[in-house]
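Reading through the structure tokens given below for one structure.
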Amino acid sequence: RAMSLGMEVLVYDPRTRMPHAEGAKRVKSLENLLGASDFITVHVPLSDNTRDLIGMRQIMMMKPGTFLLNLARAGIVDVSAVDADLANGDRHLGGYASDVDDSDDPVFSHPNTIVMPHIGASSQESEARCALVGADQVVSWFQDGDIVNGVNLPDLSLGGQGQNGQLTVIHKNSPGLIEALGRYFKERGVNIGPFRTAPQDGFACSMIGPDDPFDEIVVADLASMDGVIRVIPLVH
């Protein structure tokens with residue numbers, strides 16, 4: 001993206017075999033990168049070797065007006081050094097941005113600093129929206145028996161429960177098991193209304209909306225069938 005804006009991109013990585021973006025130029029040392037860049041972005045894990053990787057000594061190597069962005073982990077950039085430089089009238093940094101440091105840190109009191117959430121979805125608005133979406137999905141399950149964004153089940157819906165509620169059968173994705181479910185209801189004389197099934201990772205979920213009333217015996221019988229893991233009844 002930087003290259004598409006006409007920028008020359010320099011990369012420093014001590015791991016010589018690590019691939020980098022086509023068109024980027026690899027430099028031999030961090031010092032080479034610091035002295036030649038107008039914008040510096042940090043993308044490394046936090047370790048004993050990278051803690052305070054960018055401190056006052058490194059800042060002094062930068063060109064006046066350089067912008068520094070820490071997009072990795074707190075502790076990699078010494079924010080006290082950044083704060084001291086930004087407070088100095090003859091500073092090297094033009095600005096500092098981070099999505100990992102504490103938003104209450106004094107460094108962010110400077111007008112030319114930006115603090116962002118590390119995860120874009122963690123904004124106030126998106127957190128509120130996620131809460132509403134999660135609540136809607138819980139209501140959809142209890143009200144209509146719909147599975148939406150299940151952790152280990154496929155999305156599945158009957159489009160509304162049958163006349164007598166719904167049976168959700170979680171089972172192995174085994175040949176003949178769906179036919180066995182249909183046979184059982186036929187032998188019991190229970191008519192099946194809407195029926196949906198979806199597989200996921202060797203398992204499957206089937207939703208059945210019986211047209212006739214069903215009881216606890218039906219639930220127990222289905223749960224005892226080979227390959228069936230769990231049966232969840234939802235009744236009006």
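Residue numbers start at 1 in each chain; chains themselves are named A, B, ... in the order of the structure tokens; ligands are numbered from 1 in the order shown.
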
**Message:** Report as JSON, numbers by chain all protein, DNA and RNA residues lying within 8 Å of stretch 28-31 of chain A, evaluated on only C-alpha atoms, omitting residues in the same chain fewer than 4 positions from it.
**Reply:** {"A": [12, 14, 35, 58, 61]}

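Excluding A:Met56 itself and any same-chain residue fewer than 3 positions from it, the protein and nucleic acid residues within 7 Å of it, counting only C-alpha atoms, are A:Ile59, A:Met60, A:Ala81.
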
Would you output that residue set with all heavy atoms, as a compact mmCIF listing (two decimals), in the first residue's frame?
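Okay, selection_1.txt is ready:
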```
# COMPACT_ATOMS: atom_id res chain seq x y z
N ILE A 59 16.10 7.13 18.36
CA ILE A 59 15.38 8.33 17.93
C ILE A 59 16.36 9.39 17.42
O ILE A 59 16.10 10.08 16.43
CB ILE A 59 14.51 8.88 19.08
CG1 ILE A 59 13.35 7.91 19.37
CG2 ILE A 59 13.98 10.28 18.76
CD1 ILE A 59 12.54 8.26 20.60
N MET A 60 17.51 9.49 18.09
CA MET A 60 18.52 10.48 17.68
C MET A 60 19.13 10.17 16.32
O MET A 60 19.72 11.03 15.68
CB MET A 60 19.62 10.56 18.73
CG MET A 60 19.15 11.06 20.09
SD MET A 60 18.45 12.72 20.05
CE MET A 60 19.92 13.69 19.72
N ALA A 81 11.06 7.89 26.13
CA ALA A 81 11.99 8.55 25.22
C ALA A 81 11.24 9.33 24.14
O ALA A 81 11.64 10.44 23.77
CB ALA A 81 12.91 7.51 24.57
```

**Request:** For A:Pro175, list every protein, DNA or RNA residue within 12 Å, evaluated using only C-alpha atoms, and leave out those in the same chain fewer than 2 positions away; present the list as a PyMOL selection string.
**Result:** chain A and resi 171-173+177-181+199+202-204+226-227

Residues as selected, all heavy atoms, written as a CSV table (one decimal), in the first residue's frame, can you do that?
```csv
chain,number,residue,atom,x,y,z
A,171,HIS,N,-25.2,-34.8,15.3
A,171,HIS,CA,-24.8,-36.2,15.1
A,171,HIS,C,-23.6,-36.3,14.2
A,171,HIS,O,-23.1,-35.3,13.6
A,171,HIS,CB,-25.9,-37.0,14.4
A,171,HIS,CG,-26.5,-36.3,13.2
A,171,HIS,ND1,-25.9,-36.6,11.9
A,171,HIS,CD2,-27.5,-35.5,13.0
A,171,HIS,CE1,-26.6,-35.9,11.0
A,171,HIS,NE2,-27.5,-35.2,11.6
A,172,LYS,N,-23.0,-37.5,14.1
A,172,LYS,CA,-21.9,-37.7,13.2
A,172,LYS,C,-22.4,-37.6,11.8
A,172,LYS,O,-23.5,-38.0,11.5
A,172,LYS,CB,-21.2,-39.0,13.5
A,172,LYS,CG,-20.5,-39.1,14.9
A,172,LYS,CD,-19.9,-40.5,15.1
A,172,LYS,CE,-19.2,-40.5,16.5
A,172,LYS,NZ,-18.6,-41.9,16.7
A,173,ASN,N,-21.5,-37.2,10.9
A,173,ASN,CA,-21.9,-37.2,9.5
A,173,ASN,C,-21.7,-38.5,8.8
A,173,ASN,O,-20.9,-38.8,8.0
A,173,ASN,CB,-21.1,-36.1,8.8
A,173,ASN,CG,-21.6,-35.8,7.4
A,173,ASN,OD1,-22.8,-36.1,7.1
A,173,ASN,ND2,-20.8,-35.2,6.5
A,177,LEU,N,-27.5,-42.1,8.3
A,177,LEU,CA,-28.1,-41.6,9.6
A,177,LEU,C,-29.3,-40.8,9.4
A,177,LEU,O,-30.3,-40.8,10.1
A,177,LEU,CB,-27.0,-40.9,10.4
A,177,LEU,CG,-27.3,-40.8,11.9
A,177,LEU,CD1,-26.0,-40.7,12.7
A,177,LEU,CD2,-28.2,-39.7,12.4
A,178,ILE,N,-29.3,-39.9,8.3
A,178,ILE,CA,-30.5,-39.1,8.0
A,178,ILE,C,-31.7,-40.0,7.7
A,178,ILE,O,-32.8,-39.8,8.1
A,178,ILE,CB,-30.2,-38.2,6.8
A,178,ILE,CG1,-29.0,-37.2,7.2
A,178,ILE,CG2,-31.4,-37.3,6.5
A,178,ILE,CD1,-29.2,-36.3,8.3
A,179,GLU,N,-31.4,-41.1,6.9
A,179,GLU,CA,-32.5,-42.0,6.5
A,179,GLU,C,-33.0,-42.7,7.8
A,179,GLU,O,-34.2,-42.9,7.9
A,179,GLU,CB,-32.0,-43.0,5.5
A,179,GLU,CG,-31.7,-42.5,4.2
A,179,GLU,CD,-30.3,-41.8,4.1
A,179,GLU,OE1,-29.6,-41.7,5.1
A,179,GLU,OE2,-30.0,-41.4,2.9
A,180,ALA,N,-32.1,-43.0,8.7
A,180,ALA,CA,-32.6,-43.6,10.0
A,180,ALA,C,-33.5,-42.7,10.8
A,180,ALA,O,-34.4,-43.2,11.4
A,180,ALA,CB,-31.3,-44.0,10.8
A,181,LEU,N,-33.2,-41.4,10.8
A,181,LEU,CA,-34.0,-40.5,11.5
A,181,LEU,C,-35.4,-40.4,10.9
A,181,LEU,O,-36.4,-40.5,11.6
A,181,LEU,CB,-33.4,-39.1,11.4
A,181,LEU,CG,-32.1,-38.8,12.3
A,181,LEU,CD1,-31.6,-37.4,12.0
A,181,LEU,CD2,-32.4,-39.0,13.7
A,199,PRO,N,-23.6,-30.3,7.3
A,199,PRO,CA,-22.4,-30.9,7.9
A,199,PRO,C,-21.4,-29.9,8.2
A,199,PRO,O,-21.4,-28.8,7.7
A,199,PRO,CB,-21.9,-31.8,6.7
A,199,PRO,CG,-22.3,-31.0,5.5
A,199,PRO,CD,-23.6,-30.3,5.8
A,202,GLY,N,-16.9,-33.4,9.8
A,202,GLY,CA,-17.2,-34.8,10.2
A,202,GLY,C,-18.4,-34.9,11.1
A,202,GLY,O,-18.8,-36.1,11.4
A,203,PHE,N,-19.0,-33.8,11.4
A,203,PHE,CA,-20.3,-33.9,12.2
A,203,PHE,C,-21.4,-33.2,11.4
A,203,PHE,O,-21.1,-32.7,10.3
A,203,PHE,CB,-20.1,-33.2,13.5
A,203,PHE,CG,-19.1,-33.9,14.4
A,203,PHE,CD1,-17.8,-33.5,14.4
A,203,PHE,CD2,-19.5,-34.9,15.3
A,203,PHE,CE1,-16.9,-34.2,15.2
A,203,PHE,CE2,-18.6,-35.5,16.1
A,203,PHE,CZ,-17.3,-35.2,16.1
A,204,ALA,N,-22.6,-33.3,11.9
A,204,ALA,CA,-23.7,-32.6,11.2
A,204,ALA,C,-24.7,-32.2,12.2
A,204,ALA,O,-24.8,-32.7,13.3
A,204,ALA,CB,-24.3,-33.6,10.1
A,226,ASP,N,-27.3,-44.8,17.2
A,226,ASP,CA,-25.8,-44.8,16.9
A,226,ASP,C,-25.5,-43.6,16.0
A,226,ASP,O,-26.1,-43.2,15.0
A,226,ASP,CB,-25.5,-46.0,16.1
A,226,ASP,CG,-25.5,-47.3,16.9
A,226,ASP,OD1,-25.4,-47.1,18.2
A,226,ASP,OD2,-25.5,-48.4,16.4
A,227,GLY,N,-24.5,-42.9,16.5
A,227,GLY,CA,-24.0,-41.7,15.8
A,227,GLY,C,-24.6,-40.4,16.2
A,227,GLY,O,-24.1,-39.3,15.9
```

**Request:** Skip stretch 232-235 of chain A itself and residues of its chain fewer than 5 positions away, then list as number ranges by chain all residues within 7 Å of it, counting only C-alpha atoms.
**Result:** A: 164-169

Restricted to C-alpha atoms, what would the selected residues look like written as a PDB file, in the first residue's frame?
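Now in selection_20.pdb:
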```pdb
ATOM      1  CA  ASN A 164     -45.126 -28.527  17.574  1.00  0.00           C
ATOM      2  CA  GLY A 165     -41.715 -26.975  18.070  1.00  0.00           C
ATOM      3  CA  GLN A 166     -38.378 -28.280  16.874  1.00  0.00           C
ATOM      4  CA  LEU A 167     -35.880 -31.058  17.430  1.00  0.00           C
ATOM      5  CA  THR A 168     -32.211 -30.210  16.867  1.00  0.00           C
ATOM      6  CA  VAL A 169     -30.137 -33.356  16.454  1.00  0.00           C
TER       7      VAL A 169
END
```

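Nearest residue to A:Ala97 among A:Gln137, A:Thr41, A:Ser126, A:Ser157 is A:Thr41, counting only C-alpha atoms.
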
**Prompt:** DSSP says helix (DSSP H, G or I) for which residues of stretch 153-193 of chain A? Put them as a VMD selection string?
**Reply:** chain A and resid 177 to 188

Given the selection you just returned, output its residues as a file containing all heavy atoms, formatted as a compact mmCIF listing (two decimals), in the first residue's frame.
```
# COMPACT_ATOMS: atom_id res chain seq x y z
N LEU A 177 -27.52 -42.11 8.35
CA LEU A 177 -28.08 -41.63 9.61
C LEU A 177 -29.32 -40.77 9.36
O LEU A 177 -30.31 -40.85 10.10
CB LEU A 177 -27.04 -40.86 10.41
CG LEU A 177 -27.27 -40.82 11.93
CD1 LEU A 177 -25.96 -40.67 12.67
CD2 LEU A 177 -28.23 -39.74 12.35
N ILE A 178 -29.30 -39.94 8.32
CA ILE A 178 -30.47 -39.12 8.00
C ILE A 178 -31.66 -40.00 7.66
O ILE A 178 -32.79 -39.76 8.12
CB ILE A 178 -30.16 -38.17 6.83
CG1 ILE A 178 -28.99 -37.25 7.16
CG2 ILE A 178 -31.40 -37.34 6.48
CD1 ILE A 178 -29.22 -36.32 8.32
N GLU A 179 -31.40 -41.06 6.89
CA GLU A 179 -32.49 -41.99 6.55
C GLU A 179 -33.03 -42.68 7.80
O GLU A 179 -34.25 -42.90 7.92
CB GLU A 179 -32.00 -43.04 5.55
CG GLU A 179 -31.70 -42.51 4.15
CD GLU A 179 -30.33 -41.84 4.05
OE1 GLU A 179 -29.62 -41.72 5.08
OE2 GLU A 179 -29.97 -41.43 2.93
N ALA A 180 -32.13 -42.98 8.74
CA ALA A 180 -32.56 -43.63 9.98
C ALA A 180 -33.46 -42.71 10.80
O ALA A 180 -34.44 -43.16 11.41
CB ALA A 180 -31.34 -44.04 10.80
N LEU A 181 -33.16 -41.42 10.80
CA LEU A 181 -34.02 -40.47 11.49
C LEU A 181 -35.42 -40.45 10.86
O LEU A 181 -36.44 -40.48 11.57
CB LEU A 181 -33.41 -39.06 11.44
CG LEU A 181 -32.12 -38.82 12.26
CD1 LEU A 181 -31.56 -37.44 11.96
CD2 LEU A 181 -32.41 -38.96 13.74
N GLY A 182 -35.46 -40.40 9.54
CA GLY A 182 -36.75 -40.39 8.85
C GLY A 182 -37.55 -41.65 9.09
O GLY A 182 -38.77 -41.62 9.28
N ARG A 183 -36.84 -42.80 9.11
CA ARG A 183 -37.50 -44.08 9.36
C ARG A 183 -38.13 -44.12 10.75
O ARG A 183 -39.24 -44.61 10.94
CB ARG A 183 -36.49 -45.22 9.22
CG ARG A 183 -36.71 -46.04 7.97
CD ARG A 183 -35.89 -47.34 7.95
NE ARG A 183 -34.67 -47.35 8.70
CZ ARG A 183 -33.48 -47.01 8.21
NH1 ARG A 183 -33.38 -46.60 6.96
NH2 ARG A 183 -32.40 -47.09 8.96
N TYR A 184 -37.38 -43.58 11.73
CA TYR A 184 -37.88 -43.61 13.10
C TYR A 184 -39.20 -42.86 13.20
O TYR A 184 -40.17 -43.34 13.79
CB TYR A 184 -36.85 -42.99 14.05
CG TYR A 184 -37.39 -42.81 15.45
CD1 TYR A 184 -37.45 -43.87 16.34
CD2 TYR A 184 -37.90 -41.57 15.86
CE1 TYR A 184 -37.97 -43.71 17.61
CE2 TYR A 184 -38.43 -41.40 17.12
CZ TYR A 184 -38.47 -42.47 18.00
OH TYR A 184 -39.01 -42.32 19.25
N PHE A 185 -39.27 -41.67 12.64
CA PHE A 185 -40.51 -40.89 12.72
C PHE A 185 -41.65 -41.58 11.97
O PHE A 185 -42.80 -41.55 12.41
CB PHE A 185 -40.28 -39.48 12.17
CG PHE A 185 -39.53 -38.58 13.12
CD1 PHE A 185 -38.19 -38.33 12.95
CD2 PHE A 185 -40.18 -38.00 14.20
CE1 PHE A 185 -37.50 -37.52 13.83
CE2 PHE A 185 -39.50 -37.18 15.09
CZ PHE A 185 -38.15 -36.94 14.90
N LYS A 186 -41.32 -42.22 10.86
CA LYS A 186 -42.36 -42.92 10.10
C LYS A 186 -42.91 -44.07 10.92
O LYS A 186 -44.14 -44.29 10.97
CB LYS A 186 -41.76 -43.43 8.79
CG LYS A 186 -42.79 -44.12 7.90
CD LYS A 186 -42.16 -44.54 6.57
CE LYS A 186 -43.18 -45.22 5.68
NZ LYS A 186 -42.59 -45.64 4.38
N GLU A 187 -42.03 -44.84 11.57
CA GLU A 187 -42.47 -45.98 12.38
C GLU A 187 -43.28 -45.53 13.59
O GLU A 187 -44.18 -46.24 14.05
CB GLU A 187 -41.25 -46.79 12.83
CG GLU A 187 -40.57 -47.52 11.68
CD GLU A 187 -39.22 -48.10 12.09
OE1 GLU A 187 -38.82 -47.92 13.27
OE2 GLU A 187 -38.57 -48.73 11.23
N ARG A 188 -42.98 -44.33 14.10
CA ARG A 188 -43.72 -43.80 15.25
C ARG A 188 -45.02 -43.14 14.82
O ARG A 188 -45.85 -42.76 15.66
CB ARG A 188 -42.88 -42.77 16.00
CG ARG A 188 -41.65 -43.31 16.68
CD ARG A 188 -41.93 -43.87 18.04
NE ARG A 188 -42.55 -42.88 18.94
CZ ARG A 188 -42.78 -43.11 20.22
NH1 ARG A 188 -42.43 -44.27 20.75
NH2 ARG A 188 -43.35 -42.19 20.97
```

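Counting only C-alpha atoms, the residue from A:Thr50, A:Ser37, A:Gln143, A:Ser123 that sits nearest to A:Val9 is A:Ser37.
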
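Using only C-alpha atoms, the contacts of A:Pro194 at a cut-off of 8 Å, with sequence neighbours closer than 6 positions omitted, comprise Leu158, Gly162, Met207, Ile208, Gly209 and Pro210 of chain A.
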
Output all heavy atoms for every residue in the selection just made, as a PDB file, in the first residue's frame.
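Okay, this is what ended up in selection-v7.pdb:
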```
ATOM      1  N   LEU A 158     -34.675 -23.545  10.352  1.00  0.00           N
ATOM      2  CA  LEU A 158     -35.855 -24.126   9.713  1.00  0.00           C
ATOM      3  C   LEU A 158     -36.726 -23.040   9.102  1.00  0.00           C
ATOM      4  O   LEU A 158     -37.717 -23.334   8.445  1.00  0.00           O
ATOM      5  CB  LEU A 158     -36.690 -24.909  10.742  1.00  0.00           C
ATOM      6  CG  LEU A 158     -36.236 -26.324  11.084  1.00  0.00           C
ATOM      7  CD1 LEU A 158     -37.195 -26.949  12.089  1.00  0.00           C
ATOM      8  CD2 LEU A 158     -36.122 -27.206   9.850  1.00  0.00           C
ATOM      9  N   GLY A 162     -41.613 -25.814  13.643  1.00  0.00           N
ATOM     10  CA  GLY A 162     -42.806 -26.497  13.156  1.00  0.00           C
ATOM     11  C   GLY A 162     -43.994 -26.245  14.072  1.00  0.00           C
ATOM     12  O   GLY A 162     -43.893 -25.541  15.088  1.00  0.00           O
ATOM     13  N   MET A 207     -32.183 -30.280  11.795  1.00  0.00           N
ATOM     14  CA  MET A 207     -33.319 -29.653  12.457  1.00  0.00           C
ATOM     15  C   MET A 207     -34.606 -30.237  11.901  1.00  0.00           C
ATOM     16  O   MET A 207     -34.786 -30.312  10.680  1.00  0.00           O
ATOM     17  CB  MET A 207     -33.293 -28.139  12.249  1.00  0.00           C
ATOM     18  CG  MET A 207     -32.200 -27.435  13.010  1.00  0.00           C
ATOM     19  SD  MET A 207     -32.289 -25.638  12.809  1.00  0.00           S
ATOM     20  CE  MET A 207     -30.986 -25.117  13.930  1.00  0.00           C
ATOM     21  N   ILE A 208     -35.460 -30.654  12.791  1.00  0.00           N
ATOM     22  CA  ILE A 208     -36.701 -31.329  12.407  1.00  0.00           C
ATOM     23  C   ILE A 208     -37.873 -30.604  13.060  1.00  0.00           C
ATOM     24  O   ILE A 208     -37.856 -30.340  14.270  1.00  0.00           O
ATOM     25  CB  ILE A 208     -36.681 -32.798  12.870  1.00  0.00           C
ATOM     26  CG1 ILE A 208     -35.436 -33.511  12.330  1.00  0.00           C
ATOM     27  CG2 ILE A 208     -37.956 -33.519  12.436  1.00  0.00           C
ATOM     28  CD1 ILE A 208     -35.114 -34.807  13.038  1.00  0.00           C
ATOM     29  N   GLY A 209     -38.870 -30.279  12.268  1.00  0.00           N
ATOM     30  CA  GLY A 209     -40.079 -29.646  12.787  1.00  0.00           C
ATOM     31  C   GLY A 209     -41.253 -30.597  12.664  1.00  0.00           C
ATOM     32  O   GLY A 209     -41.918 -30.630  11.627  1.00  0.00           O
ATOM     33  N   PRO A 210     -41.527 -31.419  13.689  1.00  0.00           N
ATOM     34  CA  PRO A 210     -42.624 -32.398  13.607  1.00  0.00           C
ATOM     35  C   PRO A 210     -43.983 -31.716  13.468  1.00  0.00           C
ATOM     36  O   PRO A 210     -44.272 -30.731  14.150  1.00  0.00           O
ATOM     37  CB  PRO A 210     -42.535 -33.156  14.932  1.00  0.00           C
ATOM     38  CG  PRO A 210     -41.156 -32.877  15.453  1.00  0.00           C
ATOM     39  CD  PRO A 210     -40.826 -31.506  14.978  1.00  0.00           C
TER      40      PRO A 210
END
```

**Residue neighbourhood A:Leu156, 12 Å, only C-alpha atoms, exclusion window fewer than 2 positions, as a VMD selection string** = chain A and resid 137 140 to 141 144 to 150 153 to 154 158 to 160 168 to 170 195 to 200 204 to 208

Restricted to N, CA and C atoms, what would the selected residues look like written as an mmCIF file, in the first residue's frame?
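Writing the result to selection.cif gives the following:
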```
data_model
loop_
_atom_site.group_PDB
_atom_site.id
_atom_site.type_symbol
_atom_site.label_atom_id
_atom_site.label_comp_id
_atom_site.auth_asym_id
_atom_site.auth_seq_id
_atom_site.Cartn_x
_atom_site.Cartn_y
_atom_site.Cartn_z
ATOM 1 N N GLN A 137 -28.762 -13.089 18.361
ATOM 2 C CA GLN A 137 -28.530 -14.494 18.017
ATOM 3 C C GLN A 137 -29.023 -15.429 19.106
ATOM 4 N N SER A 140 -32.721 -15.512 18.716
ATOM 5 C CA SER A 140 -33.079 -16.330 17.545
ATOM 6 C C SER A 140 -33.083 -17.813 17.874
ATOM 7 N N TRP A 141 -32.130 -18.248 18.734
ATOM 8 C CA TRP A 141 -32.093 -19.658 19.121
ATOM 9 C C TRP A 141 -33.311 -20.030 19.968
ATOM 10 N N ASP A 144 -36.731 -19.080 17.726
ATOM 11 C CA ASP A 144 -36.957 -19.766 16.447
ATOM 12 C C ASP A 144 -36.120 -21.012 16.254
ATOM 13 N N GLY A 145 -35.169 -21.283 17.172
ATOM 14 C CA GLY A 145 -34.314 -22.447 17.022
ATOM 15 C C GLY A 145 -33.237 -22.282 15.971
ATOM 16 N N ASP A 146 -32.918 -21.048 15.604
ATOM 17 C CA ASP A 146 -31.905 -20.798 14.578
ATOM 18 C C ASP A 146 -30.502 -20.815 15.189
ATOM 19 N N ILE A 147 -29.563 -21.449 14.490
ATOM 20 C CA ILE A 147 -28.156 -21.419 14.891
ATOM 21 C C ILE A 147 -27.443 -20.422 13.995
ATOM 22 N N VAL A 148 -26.886 -19.378 14.604
ATOM 23 C CA VAL A 148 -26.161 -18.342 13.864
ATOM 24 C C VAL A 148 -24.807 -18.145 14.523
ATOM 25 N N ASN A 149 -23.741 -18.328 13.755
ATOM 26 C CA ASN A 149 -22.366 -18.142 14.256
ATOM 27 C C ASN A 149 -22.057 -19.063 15.428
ATOM 28 N N GLY A 150 -22.523 -20.309 15.367
ATOM 29 C CA GLY A 150 -22.173 -21.280 16.397
ATOM 30 C C GLY A 150 -20.689 -21.569 16.370
ATOM 31 N N LEU A 153 -20.858 -25.523 15.385
ATOM 32 C CA LEU A 153 -21.994 -26.020 14.618
ATOM 33 C C LEU A 153 -22.202 -25.125 13.396
ATOM 34 N N PRO A 154 -22.706 -25.689 12.310
ATOM 35 C CA PRO A 154 -22.966 -24.869 11.120
ATOM 36 C C PRO A 154 -24.170 -23.961 11.337
ATOM 37 N N LEU A 158 -34.675 -23.545 10.352
ATOM 38 C CA LEU A 158 -35.855 -24.126 9.713
ATOM 39 C C LEU A 158 -36.726 -23.040 9.102
ATOM 40 N N GLY A 159 -36.355 -21.786 9.360
ATOM 41 C CA GLY A 159 -37.218 -20.705 8.907
ATOM 42 C C GLY A 159 -38.450 -20.574 9.789
ATOM 43 N N GLY A 160 -38.273 -20.885 11.086
ATOM 44 C CA GLY A 160 -39.395 -20.897 12.021
ATOM 45 C C GLY A 160 -39.678 -22.320 12.437
ATOM 46 N N THR A 168 -33.542 -30.414 17.444
ATOM 47 C CA THR A 168 -32.211 -30.210 16.867
ATOM 48 C C THR A 168 -31.357 -31.406 17.240
ATOM 49 N N VAL A 169 -30.897 -32.130 16.234
ATOM 50 C CA VAL A 169 -30.137 -33.356 16.454
ATOM 51 C C VAL A 169 -28.703 -33.121 15.988
ATOM 52 N N ILE A 170 -27.753 -33.213 16.915
ATOM 53 C CA ILE A 170 -26.332 -33.102 16.588
ATOM 54 C C ILE A 170 -25.787 -34.517 16.462
ATOM 55 N N PHE A 195 -37.534 -29.842 7.436
ATOM 56 C CA PHE A 195 -36.351 -30.632 7.802
ATOM 57 C C PHE A 195 -35.148 -30.016 7.108
ATOM 58 N N ARG A 196 -34.118 -29.718 7.878
ATOM 59 C CA ARG A 196 -32.876 -29.164 7.315
ATOM 60 C C ARG A 196 -31.690 -29.871 7.959
ATOM 61 N N THR A 197 -30.617 -30.039 7.203
ATOM 62 C CA THR A 197 -29.389 -30.617 7.750
ATOM 63 C C THR A 197 -28.186 -29.945 7.109
ATOM 64 N N ALA A 198 -27.089 -29.843 7.870
ATOM 65 C CA ALA A 198 -25.855 -29.243 7.357
ATOM 66 C C ALA A 198 -24.668 -29.905 8.043
ATOM 67 N N PRO A 199 -23.632 -30.268 7.273
ATOM 68 C CA PRO A 199 -22.444 -30.907 7.856
ATOM 69 C C PRO A 199 -21.389 -29.882 8.248
ATOM 70 N N GLN A 200 -20.493 -30.298 9.155
ATOM 71 C CA GLN A 200 -19.326 -29.480 9.501
ATOM 72 C C GLN A 200 -18.290 -30.343 10.194
ATOM 73 N N ALA A 204 -22.577 -33.254 11.869
ATOM 74 C CA ALA A 204 -23.687 -32.615 11.175
ATOM 75 C C ALA A 204 -24.732 -32.196 12.196
ATOM 76 N N CYS A 205 -25.564 -31.292 11.776
ATOM 77 C CA CYS A 205 -26.681 -30.833 12.601
ATOM 78 C C CYS A 205 -27.943 -30.933 11.761
ATOM 79 N N SER A 206 -28.955 -31.562 12.309
ATOM 80 C CA SER A 206 -30.236 -31.695 11.614
ATOM 81 C C SER A 206 -31.326 -31.047 12.451
ATOM 82 N N MET A 207 -32.183 -30.280 11.795
ATOM 83 C CA MET A 207 -33.319 -29.653 12.457
ATOM 84 C C MET A 207 -34.606 -30.237 11.901
ATOM 85 N N ILE A 208 -35.460 -30.654 12.791
ATOM 86 C CA ILE A 208 -36.701 -31.329 12.407
ATOM 87 C C ILE A 208 -37.873 -30.604 13.060
#
```

**Message:** Residues near A:Met116, anyone? I mean within 8 Å using only C-alpha atoms, not counting same-chain ones fewer than 6 positions away, as JSON, numbers by chain.
**Reply:** {"A": [97, 98, 99, 100]}

**Asked** Using the chain letters and numbers from this document, which residues of stretch 56-132 of chain A does DSSP assign to strand (DSSP E), as a ChimeraX atom specification?
**Response** /A:66-70,93-98,113-115

**Complete:** Taken to one decimal, the atom CA of A:Val11-atom CA of A:Pro45 distance is 15.8 Å

**Prompt:** In terms of the shortest atom-to-atom distance over only C-alpha atoms, which of A:Asn112, A:Thr66, A:Ser103, A:Ser122 is closest to A:Ala87?
**Reply:** A:Asn112

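Taking atom CA of A:Arg26 as the reference point, atom CA of A:Gly6 is found at 17.3 Å.
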